[in-house]
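Okay, start-v6.txt now, which holds compact mmCIF, C-alpha atoms and all ligand atoms:
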# COMPACT_ATOMS: atom_id res chain seq x y z
CA MET A 22 -23.08 17.22 -0.08
CA GLY A 23 -21.13 15.20 -2.64
CA ASN A 24 -19.00 12.10 -2.34
CA ILE A 25 -15.52 11.77 -0.88
CA TYR A 26 -12.58 10.82 -3.05
CA VAL A 27 -9.35 9.80 -1.35
CA VAL A 28 -5.89 9.70 -2.90
CA VAL A 29 -3.39 7.53 -1.07
CA ALA A 30 -0.19 9.47 -1.73
CA GLU A 31 3.37 8.25 -1.34
CA ALA A 32 6.60 9.87 -0.25
CA ARG A 33 10.01 8.37 -0.79
CA ASP A 34 13.02 9.62 1.17
CA GLY A 35 10.80 12.45 2.41
CA ARG A 36 9.86 13.59 -1.09
CA LEU A 37 6.42 13.38 -2.61
CA ARG A 38 6.25 10.98 -5.55
CA GLN A 39 5.17 12.40 -8.87
CA VAL A 40 2.66 9.59 -9.41
CA SER A 41 0.74 10.82 -6.36
CA LEU A 42 0.09 14.14 -8.11
CA GLU A 43 -1.03 12.18 -11.17
CA ALA A 44 -3.43 10.23 -8.94
CA VAL A 45 -4.73 13.54 -7.50
CA HIS A 46 -5.43 14.74 -11.04
CA ALA A 47 -7.13 11.45 -11.92
CA ALA A 48 -9.34 11.61 -8.82
CA ALA A 49 -10.23 15.23 -9.64
CA LEU A 50 -11.21 14.17 -13.20
CA ALA A 51 -13.37 11.34 -11.85
CA SER A 52 -15.15 13.48 -9.26
CA HIS A 53 -17.87 16.13 -9.47
CA GLU A 54 -17.50 19.72 -8.35
CA ASP A 55 -19.38 19.19 -5.11
CA ASP A 56 -17.30 16.11 -4.22
CA LYS A 57 -14.49 16.34 -1.68
CA LEU A 58 -10.91 15.43 -2.54
CA ILE A 59 -8.73 14.32 0.36
CA ALA A 60 -5.15 13.07 0.10
CA VAL A 61 -3.70 10.75 2.73
CA LEU A 62 0.04 10.41 3.18
CA LEU A 63 1.51 7.61 5.29
CA GLY A 64 5.13 7.36 6.38
CA HIS A 65 7.68 9.09 8.57
CA HIS A 66 9.17 12.61 8.46
CA LEU A 67 6.37 13.67 6.13
CA GLN A 68 6.05 17.39 6.79
CA GLU A 69 7.84 18.58 3.65
CA ALA A 70 6.01 16.12 1.39
CA ALA A 71 2.69 17.02 3.05
CA ASN A 72 3.27 20.74 2.49
CA GLU A 73 3.95 20.08 -1.16
CA LEU A 74 0.94 17.78 -1.53
CA ALA A 75 -1.33 20.39 0.08
CA ARG A 76 -0.53 22.82 -2.76
CA TYR A 77 -2.27 20.47 -5.21
CA VAL A 78 -5.25 19.26 -3.17
CA GLU A 79 -8.57 21.09 -2.88
CA ASP A 80 -9.97 20.01 0.45
CA GLN A 81 -7.71 18.28 2.94
CA VAL A 82 -4.42 16.48 3.42
CA ILE A 83 -4.26 13.87 6.18
CA ILE A 84 -0.91 12.61 7.36
CA ILE A 85 -0.13 9.65 9.54
CA ASP A 86 3.49 10.06 10.53
CA HIS A 87 5.05 7.28 12.59
CA PRO A 88 8.45 5.52 12.70
CA ASP A 89 6.69 2.17 12.07
CA LEU A 90 5.50 3.53 8.72
CA ALA A 91 8.97 4.66 7.58
CA ILE A 92 9.26 1.53 5.44
CA TYR A 93 6.30 -0.02 3.63
CA GLN A 94 4.89 -2.99 5.47
CA ALA A 95 1.52 -4.22 4.25
CA GLU A 96 -0.11 -4.92 7.60
CA ALA A 97 0.97 -1.62 9.16
CA PHE A 98 -0.01 0.48 6.14
CA PHE A 99 -3.28 -1.43 5.80
CA SER A 100 -4.14 -0.83 9.44
CA ALA A 101 -3.26 2.90 9.16
CA ILE A 102 -5.12 3.55 5.88
CA THR A 103 -8.24 1.59 6.80
CA SER A 104 -8.54 3.51 10.08
CA VAL A 105 -8.90 6.66 7.92
CA LEU A 106 -11.08 5.13 5.20
CA ASP A 107 -13.50 3.58 7.70
CA GLN A 108 -14.17 7.09 9.00
CA LEU A 109 -14.34 8.83 5.63
CA GLN A 110 -16.48 6.20 3.84
CA PRO A 111 -15.06 7.26 0.47
CA TYR A 112 -16.74 6.79 -2.88
CA GLY A 113 -13.40 6.47 -4.68
CA VAL A 114 -9.87 5.64 -3.53
CA PHE A 115 -6.96 6.31 -5.90
CA PHE A 116 -3.44 4.87 -5.63
CA GLY A 117 -0.34 5.08 -7.80
CA HIS A 118 0.25 1.78 -9.61
CA THR A 119 3.55 1.45 -7.75
CA SER A 120 4.86 -1.50 -5.78
CA ILE A 121 3.08 -0.07 -2.72
CA GLY A 122 -0.15 0.73 -4.58
CA ARG A 123 -0.22 -2.68 -6.26
CA ASP A 124 0.08 -4.36 -2.88
CA LEU A 125 -2.14 -2.10 -0.78
CA ALA A 126 -5.02 -1.37 -3.17
CA PRO A 127 -6.40 -4.94 -3.35
CA LEU A 128 -6.20 -5.25 0.45
CA VAL A 129 -8.23 -2.05 0.75
CA ALA A 130 -10.64 -3.20 -1.97
CA ALA A 131 -11.27 -6.47 -0.13
CA HIS A 132 -11.72 -4.62 3.16
CA LEU A 133 -14.27 -2.23 1.64
CA SER A 134 -15.90 -4.94 -0.53
CA ALA A 135 -15.09 -2.65 -3.44
CA GLY A 136 -14.37 -3.18 -7.12
CA GLN A 137 -10.91 -2.29 -8.40
CA ILE A 138 -9.61 -1.09 -11.77
CA SER A 139 -5.84 -1.33 -11.94
CA ASP A 140 -3.05 0.15 -14.04
CA VAL A 141 -5.18 2.94 -15.49
CA ILE A 142 -3.52 5.06 -18.18
CA ALA A 143 -6.42 7.40 -19.04
CA LEU A 144 -9.92 8.25 -17.91
CA THR A 145 -12.79 10.08 -19.50
CA ARG A 146 -15.95 11.38 -17.92
CA THR A 147 -19.27 11.75 -19.76
CA ASP A 148 -22.01 13.06 -17.49
CA ASP A 149 -22.10 10.58 -14.64
CA THR A 150 -20.05 7.86 -16.25
CA VAL A 151 -16.31 7.57 -15.88
CA SER A 152 -14.52 5.25 -18.24
CA TYR A 153 -11.06 3.97 -17.30
CA THR A 154 -8.59 2.81 -19.96
CA ARG A 155 -6.03 0.15 -19.13
CA PRO A 156 -3.63 -1.91 -21.24
CA LEU A 157 -4.07 -5.65 -21.75
CA TYR A 158 -1.85 -8.40 -23.10
CA ALA A 159 1.36 -6.52 -22.37
CA GLY A 160 0.16 -3.35 -24.10
CA LYS A 161 -1.11 -4.98 -27.30
CA ALA A 162 -4.73 -4.11 -26.56
CA PHE A 163 -6.64 -1.70 -24.37
CA GLU A 164 -9.92 -2.01 -22.53
CA ASN A 165 -12.30 0.63 -21.22
CA LYS A 166 -13.86 -0.26 -17.90
CA GLN A 167 -16.55 1.32 -15.76
CA PHE A 168 -17.61 0.72 -12.19
CA ILE A 169 -21.14 -0.43 -11.54
CA SER A 170 -20.94 0.05 -7.78
CA SER A 171 -19.01 1.95 -5.14
CA PRO A 172 -16.62 2.21 -3.34
CA GLN A 173 -14.30 2.30 -6.33
CA ILE A 174 -10.60 1.53 -6.10
CA VAL A 175 -8.28 2.73 -8.88
CA THR A 176 -4.53 2.47 -9.42
CA ILE A 177 -2.85 4.88 -11.84
CA ARG A 178 0.13 3.88 -13.97
CA PRO A 179 2.96 6.43 -13.52
CA ASN A 180 3.72 8.92 -16.31
CA ASN A 181 0.43 8.61 -18.21
CA ILE A 182 -1.99 11.08 -16.66
CA SER A 183 -0.66 14.62 -16.28
CA PRO A 184 -0.01 15.72 -12.70
CA ALA A 185 -2.47 17.98 -10.85
CA GLN A 186 -1.94 21.72 -11.13
CA PRO A 187 -1.49 23.81 -7.97
CA VAL A 188 -4.76 24.95 -6.37
CA PRO A 189 -5.36 28.62 -5.42
CA ALA A 190 -5.25 27.89 -1.67
CA ALA A 191 -3.31 25.01 -0.15
CA ALA A 192 -5.44 22.42 1.63
CA PRO A 193 -5.29 22.25 5.43
CA ILE A 194 -3.09 19.46 6.81
CA THR A 195 -4.46 17.24 9.56
CA GLN A 196 -2.20 14.91 11.47
CA LEU A 197 -3.75 11.67 12.74
CA THR A 198 -2.16 9.33 15.23
CA TYR A 199 -1.22 5.77 14.45
CA SER A 200 -1.35 3.13 17.13
CA PRO A 201 1.00 0.31 16.25
CA SER A 202 -0.68 -3.05 16.53
CA ALA A 203 1.01 -5.63 18.71
CA SER A 204 -0.29 -8.32 16.39
CA LEU A 205 1.84 -7.50 13.32
CA ARG A 206 3.02 -10.82 11.97
CA THR A 207 6.06 -9.49 10.13
CA VAL A 208 8.42 -6.60 10.72
CA ILE A 209 10.77 -5.09 8.15
CA LYS A 210 14.10 -4.22 9.72
CA GLU A 211 15.90 -2.77 6.75
CA VAL A 212 15.49 -2.24 3.03
CA VAL A 213 18.61 -2.70 0.95
CA ARG A 214 18.30 -0.73 -2.28
CA LYS A 215 19.91 -2.39 -5.23
CA SER A 216 19.41 0.42 -7.67
CA THR A 217 21.48 3.48 -6.85
CA GLY A 218 19.98 5.47 -9.71
CA ARG A 219 19.29 9.16 -9.17
CA VAL A 220 15.91 8.95 -10.85
CA ASP A 221 13.20 6.38 -10.15
CA LEU A 222 13.03 4.12 -13.20
CA THR A 223 9.24 3.86 -13.37
CA GLU A 224 8.76 7.62 -13.05
CA ALA A 225 11.71 8.80 -15.18
CA LYS A 226 11.00 11.13 -18.09
CA VAL A 227 13.98 9.67 -19.96
CA VAL A 228 15.16 6.06 -19.82
CA VAL A 229 18.41 4.94 -21.44
CA SER A 230 18.32 1.17 -21.68
CA GLY A 231 21.04 -1.33 -22.49
CA GLY A 232 20.77 -4.84 -23.90
CA ARG A 233 23.10 -7.71 -24.56
CA GLY A 234 24.73 -5.43 -27.13
CA VAL A 235 26.50 -3.49 -24.36
CA LYS A 236 28.63 -6.63 -23.99
CA SER A 237 29.85 -6.10 -20.40
CA LYS A 238 29.25 -4.26 -17.12
CA ALA A 239 31.65 -1.57 -18.28
CA GLY A 240 29.63 -1.29 -21.49
CA PHE A 241 26.91 0.48 -19.48
CA GLN A 242 29.27 3.41 -18.74
CA PRO A 243 28.52 5.40 -21.94
CA LEU A 244 24.77 4.83 -21.30
CA GLU A 245 25.16 6.16 -17.75
CA GLU A 246 26.80 9.31 -19.09
CA LEU A 247 23.96 9.86 -21.57
CA ALA A 248 21.38 9.27 -18.83
CA GLU A 249 23.14 11.75 -16.58
CA VAL A 250 23.12 14.49 -19.23
CA LEU A 251 19.42 13.87 -19.89
CA GLN A 252 18.65 13.50 -16.15
CA GLY A 253 17.23 10.10 -16.92
CA ALA A 254 17.34 6.62 -15.46
CA ILE A 255 19.13 3.49 -16.63
CA GLY A 256 17.13 0.44 -17.68
CA ALA A 257 18.04 -2.90 -19.24
CA SER A 258 16.74 -5.87 -21.16
CA ARG A 259 16.64 -9.28 -19.58
CA GLY A 260 19.40 -10.25 -21.98
CA ALA A 261 21.71 -7.76 -20.26
CA CYS A 262 20.56 -8.85 -16.77
CA ASP A 263 20.96 -12.56 -17.56
CA ALA A 264 24.46 -11.91 -18.86
CA GLY A 265 25.34 -10.30 -15.52
CA TYR A 266 25.99 -6.85 -17.00
CA CYS A 267 23.57 -5.20 -14.57
CA ASP A 268 21.17 -5.85 -11.74
CA TYR A 269 17.72 -7.38 -12.29
CA SER A 270 16.19 -4.33 -10.61
CA LEU A 271 16.82 -2.55 -13.93
CA GLN A 272 14.99 -5.10 -16.08
CA ILE A 273 12.22 -3.70 -18.23
CA GLY A 274 9.58 -5.90 -19.79
CA GLN A 275 6.96 -8.52 -19.20
CA THR A 276 8.74 -9.94 -16.18
CA GLY A 277 10.42 -6.67 -15.24
CA LYS A 278 9.28 -3.09 -14.79
CA VAL A 279 6.84 -1.25 -17.04
CA VAL A 280 8.01 2.21 -18.02
CA THR A 281 6.31 4.95 -20.00
CA PRO A 282 8.84 7.78 -20.23
CA GLU A 283 8.76 10.70 -22.65
CA ILE A 284 11.89 9.30 -24.30
CA TYR A 285 13.12 5.69 -24.28
CA ILE A 286 16.55 5.08 -25.79
CA ALA A 287 17.17 1.38 -26.48
CA CYS A 288 20.86 0.60 -27.00
CA GLY A 289 21.84 -2.84 -28.28
CA ILE A 290 18.39 -4.32 -27.58
CA SER A 291 16.87 -6.57 -30.25
CA GLY A 292 13.24 -5.80 -29.34
CA ALA A 293 11.86 -9.15 -28.20
CA ILE A 294 8.12 -9.12 -27.54
CA GLN A 295 8.72 -9.58 -23.80
CA HIS A 296 10.90 -6.45 -23.74
CA LEU A 297 8.39 -4.42 -25.77
CA ALA A 298 5.75 -5.27 -23.15
CA GLY A 299 7.58 -3.02 -20.72
CA MET A 300 8.37 -0.02 -22.90
CA SER A 301 6.24 0.14 -26.05
CA GLN A 302 3.95 2.79 -24.52
CA SER A 303 6.86 5.26 -24.21
CA ARG A 304 6.11 8.53 -25.96
CA ILE A 305 9.22 8.59 -28.19
CA ILE A 306 11.35 5.50 -28.78
CA ILE A 307 14.87 5.85 -30.12
CA ALA A 308 16.64 2.61 -31.05
CA ILE A 309 20.36 2.18 -31.62
CA ASN A 310 21.27 -1.18 -33.07
CA LYS A 311 23.83 -2.35 -35.59
CA ASP A 312 21.41 -4.84 -37.12
CA PRO A 313 19.02 -3.03 -39.51
CA GLU A 314 16.62 -6.00 -39.25
CA ALA A 315 16.32 -5.80 -35.43
CA PRO A 316 12.60 -5.87 -34.47
CA ILE A 317 13.10 -2.91 -32.12
CA PHE A 318 13.06 -0.70 -35.26
CA ASN A 319 9.41 -1.71 -35.83
CA VAL A 320 8.35 0.19 -32.71
CA ALA A 321 11.00 2.95 -32.84
CA ASP A 322 10.11 6.53 -33.78
CA TYR A 323 13.78 7.15 -34.58
CA GLY A 324 16.25 4.43 -35.51
CA ILE A 325 20.01 4.73 -35.63
CA ILE A 326 21.74 1.81 -37.36
CA GLY A 327 25.23 1.70 -35.95
CA ASP A 328 27.58 0.65 -33.18
CA LEU A 329 26.25 1.89 -29.85
CA PHE A 330 29.79 2.50 -28.60
CA GLU A 331 30.21 5.10 -31.35
CA VAL A 332 26.67 6.48 -31.41
CA VAL A 333 25.97 6.89 -27.68
CA PRO A 334 29.04 9.09 -26.89
CA LEU A 335 28.20 11.27 -29.92
CA LEU A 336 24.63 11.71 -28.67
CA THR A 337 25.89 12.52 -25.17
CA GLU A 338 28.23 15.18 -26.54
CA GLU A 339 25.51 16.75 -28.70
CA PHE A 340 22.89 16.74 -25.92
CA ARG A 341 25.45 18.24 -23.52
CA LYS A 342 26.09 21.09 -25.96
CA VAL A 343 22.40 21.74 -26.68
CA LEU A 344 21.35 21.54 -23.03
CA SER A 345 24.20 23.78 -21.80
CA VAL A 346 23.16 26.42 -24.38
CA SER A 347 19.48 26.23 -23.39
CA ASN A 348 20.35 26.50 -19.67
C1 LIG A 401 8.73 -15.82 -20.13
C2 LIG A 401 9.74 -14.82 -20.61
C3 LIG A 401 9.78 -13.57 -20.02
C4 LIG A 401 10.71 -12.62 -20.47
N1 LIG A 401 10.71 -11.37 -19.90
C5 LIG A 401 11.54 -10.44 -20.39
C6 LIG A 401 11.53 -9.11 -19.87
O1 LIG A 401 10.79 -8.77 -18.94
N2 LIG A 401 12.36 -8.20 -20.42
C7 LIG A 401 13.21 -8.50 -21.45
O2 LIG A 401 13.96 -7.62 -21.90
N3 LIG A 401 13.27 -9.76 -21.93
C8 LIG A 401 12.46 -10.73 -21.42
N4 LIG A 401 12.55 -12.00 -21.91
C9 LIG A 401 13.68 -12.34 -22.82
C10 LIG A 401 13.46 -11.93 -24.25
O3 LIG A 401 12.76 -12.95 -24.94
C11 LIG A 401 14.81 -11.68 -24.96
O4 LIG A 401 15.60 -12.85 -24.85
C12 LIG A 401 15.60 -10.51 -24.38
O5 LIG A 401 14.80 -9.37 -24.31
C13 LIG A 401 16.80 -10.24 -25.29
O6 LIG A 401 17.58 -9.22 -24.74
P1 LIG A 401 18.45 -8.31 -25.70
O7 LIG A 401 17.59 -7.64 -26.71
O8 LIG A 401 19.31 -7.47 -24.85
O9 LIG A 401 19.45 -9.38 -26.36
P2 LIG A 401 19.55 -9.89 -27.86
O10 LIG A 401 18.26 -10.41 -28.35
O11 LIG A 401 20.72 -10.80 -27.88
O12 LIG A 401 19.86 -8.58 -28.70
C14 LIG A 401 21.07 -7.87 -28.63
C15 LIG A 401 21.00 -6.81 -29.71
O13 LIG A 401 22.15 -5.98 -29.62
C16 LIG A 401 22.56 -5.64 -30.93
N5 LIG A 401 23.98 -5.27 -30.83
C17 LIG A 401 25.03 -6.07 -30.52
N6 LIG A 401 26.16 -5.34 -30.47
C18 LIG A 401 25.83 -4.06 -30.74
C19 LIG A 401 26.53 -2.83 -30.83
N7 LIG A 401 27.85 -2.78 -30.58
N8 LIG A 401 25.86 -1.72 -31.15
C20 LIG A 401 24.52 -1.73 -31.39
N9 LIG A 401 23.79 -2.87 -31.32
C21 LIG A 401 24.43 -4.01 -30.99
C22 LIG A 401 22.30 -6.88 -31.76
O14 LIG A 401 22.14 -6.54 -33.12
C23 LIG A 401 20.99 -7.39 -31.13
O15 LIG A 401 19.86 -6.87 -31.82
C24 LIG A 401 11.63 -12.97 -21.49
C25 LIG A 401 11.59 -14.23 -22.06
C26 LIG A 401 10.66 -15.14 -21.64
C27 LIG A 401 10.63 -16.50 -22.29
Reformat the file's structure so that it appears as structure tokens.
Amino acid sequence: MGNIYVVVAEARDGRLRQVSLEAVHAAALASHEDDKLIAVLLGHHLQEAANELARYVEDQVIIIDHPDLAIYQAEAFFSAITSVLDQLQPYGVFFGHTSIGRDLAPLVAAHLSAGQISDVIALTRTDDTVSYTRPLYAGKAFENKQFISSPQIVTIRPNNISPAQPVPAAAPITQLTYSPSASLRTVIKEVVRKSTGRVDLTEAKVVVSGGRGVKSKAGFQPLEELAEVLQGAIGASRGACDAGYCDYSLQIGQTGKVVTPEIYIACGISGAIQHLAGMSQSRIIIAINKDPEAPIFNVADYGIIGDLFEVVPLLTEEFRKVLSVSN
């Protein structure tokens, strides 16, 4: 009998998050054939997400579905997940490196007296050794880390490891009960979402980002149209946020979100080091800037020197044509 690997999956608005399938793939890569892979989903109204998750998991999906878990609250989620982990005694526990994973994983690690490797972007297995790669110094360097003990806690950065492929037979789904603790010290009554974006910024395949060069709130409109055609998300530099052109929830960079989309389109962003920290790992970077000396061109795969208010609508029109033909 092998070891047990657990993936703590996440659903948002009833839908399974893509990063959870990436974590399932990562756990499968880290484990041996005789190990067991179990995914645990916490939340409320989870049936649809659980059915989807089961199509990608070999052995078992466990759900804990309760109104108190509808919104993430550290104490409640910690109590629910540790009740499962204490029974399973896992060798490895994998989370998405999301706001929930970043908060919950260290609590679980402390509870299990386990080591943790965070923000993993790749892993390789040679015989019995698994090496985890993670960025350092805002993406300027990388380190390879290995565990020397178990349990092992890992968080996976979204959009870096490919998602798991469907398994031949969906895993059975087990529902466990959650007993709310009377001793919760805080209760979340409501979450007010600032970003109304269609696509989650950290998981988006395409991000269209605006900087101080957009010049006003209205200046984001052409970027929104481009993002809509490409089914992408809108991001921003701190310059644009500080100027009040958009909400801070869109900020990308050292003190904002880290994104690694397939395509990152930087519009009117100079390319300060603190901005690069949040996007330089994107697969393809396209920069539009009227200053040919802008540092963003040093990291761009494609650079367009020009006025974003002329270039972005042209790109939108061309992509619309190409994508309507291919559909
Ligand atoms: C501790 C610390 C943390 C920070 N964290 C972050 C962070 O997380 N994220 C972040 O982004 N920044 C961060 N910053 C700020 C960062 O240093 C820069 O000030 C900021 O990124 C600049 O934003 P920007 O590129 O939009 O603006 P600017 O540097 O002003 O650049 C605007 C660009 O737009 C171009 N432009 C203007 N008009 C047009 C046009 N019509 N068409 C095309 N191009 C045009 C200009 O040529 C220029 O290159 C941080 C700074 C500090 C000190």
message = Could you list, as JSON, numbers by chain, every residue within 8 Å of Ala143 of chain A, counting only C-alpha atoms and ignoring same-chain residues fewer than 3 positions away?
response = {"A": [153, 154, 155, 181, 182]}
message = I'd like the neighbourhood of segment 113-121 of chain A as a list in words, where a residue qualifies if any of its atoms comes within 8 Å (using only C-alpha atoms), though same-chain residues fewer than 5 positions away should be ignored.
response = Ile25, Tyr26, Val27, Val28, Val29, Ala30, Val40, Ser41, Glu43, Ala44, Val45, Ala47, Ala48, Tyr93, Ala126, Ser139, Asp140, Ser171, Pro172, Gln173, Ile174, Val175, Thr176, Ile177, Arg178 and Pro179 of chain A
Taking only residues of segment 176-253 of chain A that have an atom at most 9 Å from an atom of segment 335-342 of chain A, what is each one's shortest atom pair and its distance in Å to one decimal, using only C-alpha atoms, in chain and number order, as a tab-separated table?
residue	atom	partner	partner_atom	distance
A:Pro243	CA	A:Thr337	CA	8.2
A:Leu244	CA	A:Thr337	CA	8.7
A:Glu246	CA	A:Thr337	CA	6.9
A:Leu247	CA	A:Thr337	CA	4.9
A:Ala248	CA	A:Thr337	CA	8.4
A:Val250	CA	A:Arg341	CA	6.2
A:Leu251	CA	A:Phe340	CA	7.5
Return as a JSON list (two decimals) with C-alpha atoms, in the frame of the given file every polymer residue, whether protein, DNA or RNA, with at least one atom no more than 6 Å from an atom of ligand LIG 401 (chain A); count only C-alpha atoms and all ligand atoms.
[["chain", "number", "residue", "atom", "x", "y", "z"],
["A", 232, "GLY", "CA", 20.77, -4.84, -23.90],
["A", 233, "ARG", "CA", 23.10, -7.71, -24.56],
["A", 234, "GLY", "CA", 24.73, -5.43, -27.13],
["A", 258, "SER", "CA", 16.74, -5.87, -21.16],
["A", 259, "ARG", "CA", 16.64, -9.28, -19.58],
["A", 260, "GLY", "CA", 19.40, -10.25, -21.98],
["A", 261, "ALA", "CA", 21.71, -7.76, -20.26],
["A", 272, "GLN", "CA", 14.99, -5.10, -16.08],
["A", 273, "ILE", "CA", 12.22, -3.70, -18.23],
["A", 274, "GLY", "CA", 9.58, -5.90, -19.79],
["A", 275, "GLN", "CA", 6.96, -8.52, -19.20],
["A", 276, "THR", "CA", 8.74, -9.94, -16.18],
["A", 277, "GLY", "CA", 10.42, -6.67, -15.24],
["A", 289, "GLY", "CA", 21.84, -2.84, -28.28],
["A", 290, "ILE", "CA", 18.39, -4.32, -27.58],
["A", 291, "SER", "CA", 16.87, -6.57, -30.25],
["A", 292, "GLY", "CA", 13.24, -5.80, -29.34],
["A", 293, "ALA", "CA", 11.86, -9.15, -28.20],
["A", 295, "GLN", "CA", 8.72, -9.58, -23.80],
["A", 296, "HIS", "CA", 10.90, -6.45, -23.74],
["A", 309, "ILE", "CA", 20.36, 2.18, -31.62],
["A", 310, "ASN", "CA", 21.27, -1.18, -33.07],
["A", 311, "LYS", "CA", 23.83, -2.35, -35.59],
["A", 312, "ASP", "CA", 21.41, -4.84, -37.12],
["A", 315, "ALA", "CA", 16.32, -5.80, -35.43],
["A", 327, "GLY", "CA", 25.23, 1.70, -35.95],
["A", 328, "ASP", "CA", 27.58, 0.65, -33.18],
["A", 329, "LEU", "CA", 26.25, 1.89, -29.85],
["A", 330, "PHE", "CA", 29.79, 2.50, -28.60]]
task = Can you pull out every residue within 10 Å of Ala225 of chain A, counting only C-alpha atoms, but drop anything in the same chain fewer than 5 positions away, and send it as an NGL selection string?
result = :A and (39 or 179-180 or 219-220 or 252-255 or 280-285)
Could those selected residues go to a file with C-alpha atoms, as an mmCIF file, keeping the file's coordinate frame?
data_model
loop_
_atom_site.group_PDB
_atom_site.id
_atom_site.type_symbol
_atom_site.label_atom_id
_atom_site.label_comp_id
_atom_site.auth_asym_id
_atom_site.auth_seq_id
_atom_site.Cartn_x
_atom_site.Cartn_y
_atom_site.Cartn_z
ATOM 1 C CA GLN A 39 5.170 12.400 -8.870
ATOM 2 C CA PRO A 179 2.960 6.430 -13.520
ATOM 3 C CA ASN A 180 3.720 8.920 -16.310
ATOM 4 C CA ARG A 219 19.290 9.160 -9.170
ATOM 5 C CA VAL A 220 15.910 8.950 -10.850
ATOM 6 C CA GLN A 252 18.650 13.500 -16.150
ATOM 7 C CA GLY A 253 17.230 10.100 -16.920
ATOM 8 C CA ALA A 254 17.340 6.620 -15.460
ATOM 9 C CA ILE A 255 19.130 3.490 -16.630
ATOM 10 C CA VAL A 280 8.010 2.210 -18.020
ATOM 11 C CA THR A 281 6.310 4.950 -20.000
ATOM 12 C CA PRO A 282 8.840 7.780 -20.230
ATOM 13 C CA GLU A 283 8.760 10.700 -22.650
ATOM 14 C CA ILE A 284 11.890 9.300 -24.300
ATOM 15 C CA TYR A 285 13.120 5.690 -24.280
#
request  = Please identify all polymer residues within 10 Å of Asp149 of chain A, counting only C-alpha atoms, omitting same-chain residues fewer than 6 positions from it, and present them as a list in words.
outcome  =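 My list of contacting residues is Ala51, Ser52 and His53 of chain A.
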task = Kindly give the distance, in Å, that separates atom CA of Leu205 of chain A and atom CA of Pro127 of chain A, rounded to a single decimal.
result =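 Atom CA of Pro127 of chain A lies 18.8 Å from atom CA of Leu205 of chain A.
For the residues A:Leu109, A:Ile209, A:Ile169, A:Val332, ranking by smallest atom-to-atom distance to Gln137 of chain A using only C-alpha atoms places A:Ile169 first.
Residue nearest Ala192 of chain A within the list A:Tyr269, A:Ala60, A:Leu157, A:Arg38: A:Ala60 [criterion: smallest interatomic distance, all atoms listed in the file].
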ask   = Out of A:Leu42, A:Val129, A:Leu344, A:Met22, which residue has the shortest atom-to-atom distance to Glu224 of chain A when counting all atoms listed in the file?
value = A:Leu42
task = In Å, rounded to a single decimal, give me how far atom CA of Pro111 of chain A is from atom CA of Asn24 of chain A.
result =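 Here the two named atoms are 6.8 Å from each other.
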message = Report, in Å to a single decimal, how far apart atom CA of Tyr199 of chain A and atom CA of Asp56 of chain A are.
response =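 Pair atom CA of Asp56 of chain A / atom CA of Tyr199 of chain A returns 26.7 Å.
Using all atoms listed in the file, the shortest contact distance between Glu249 of chain A and any of A:Ser237, A:His87, A:Val229, A:Ile102 is found at A:Val229.
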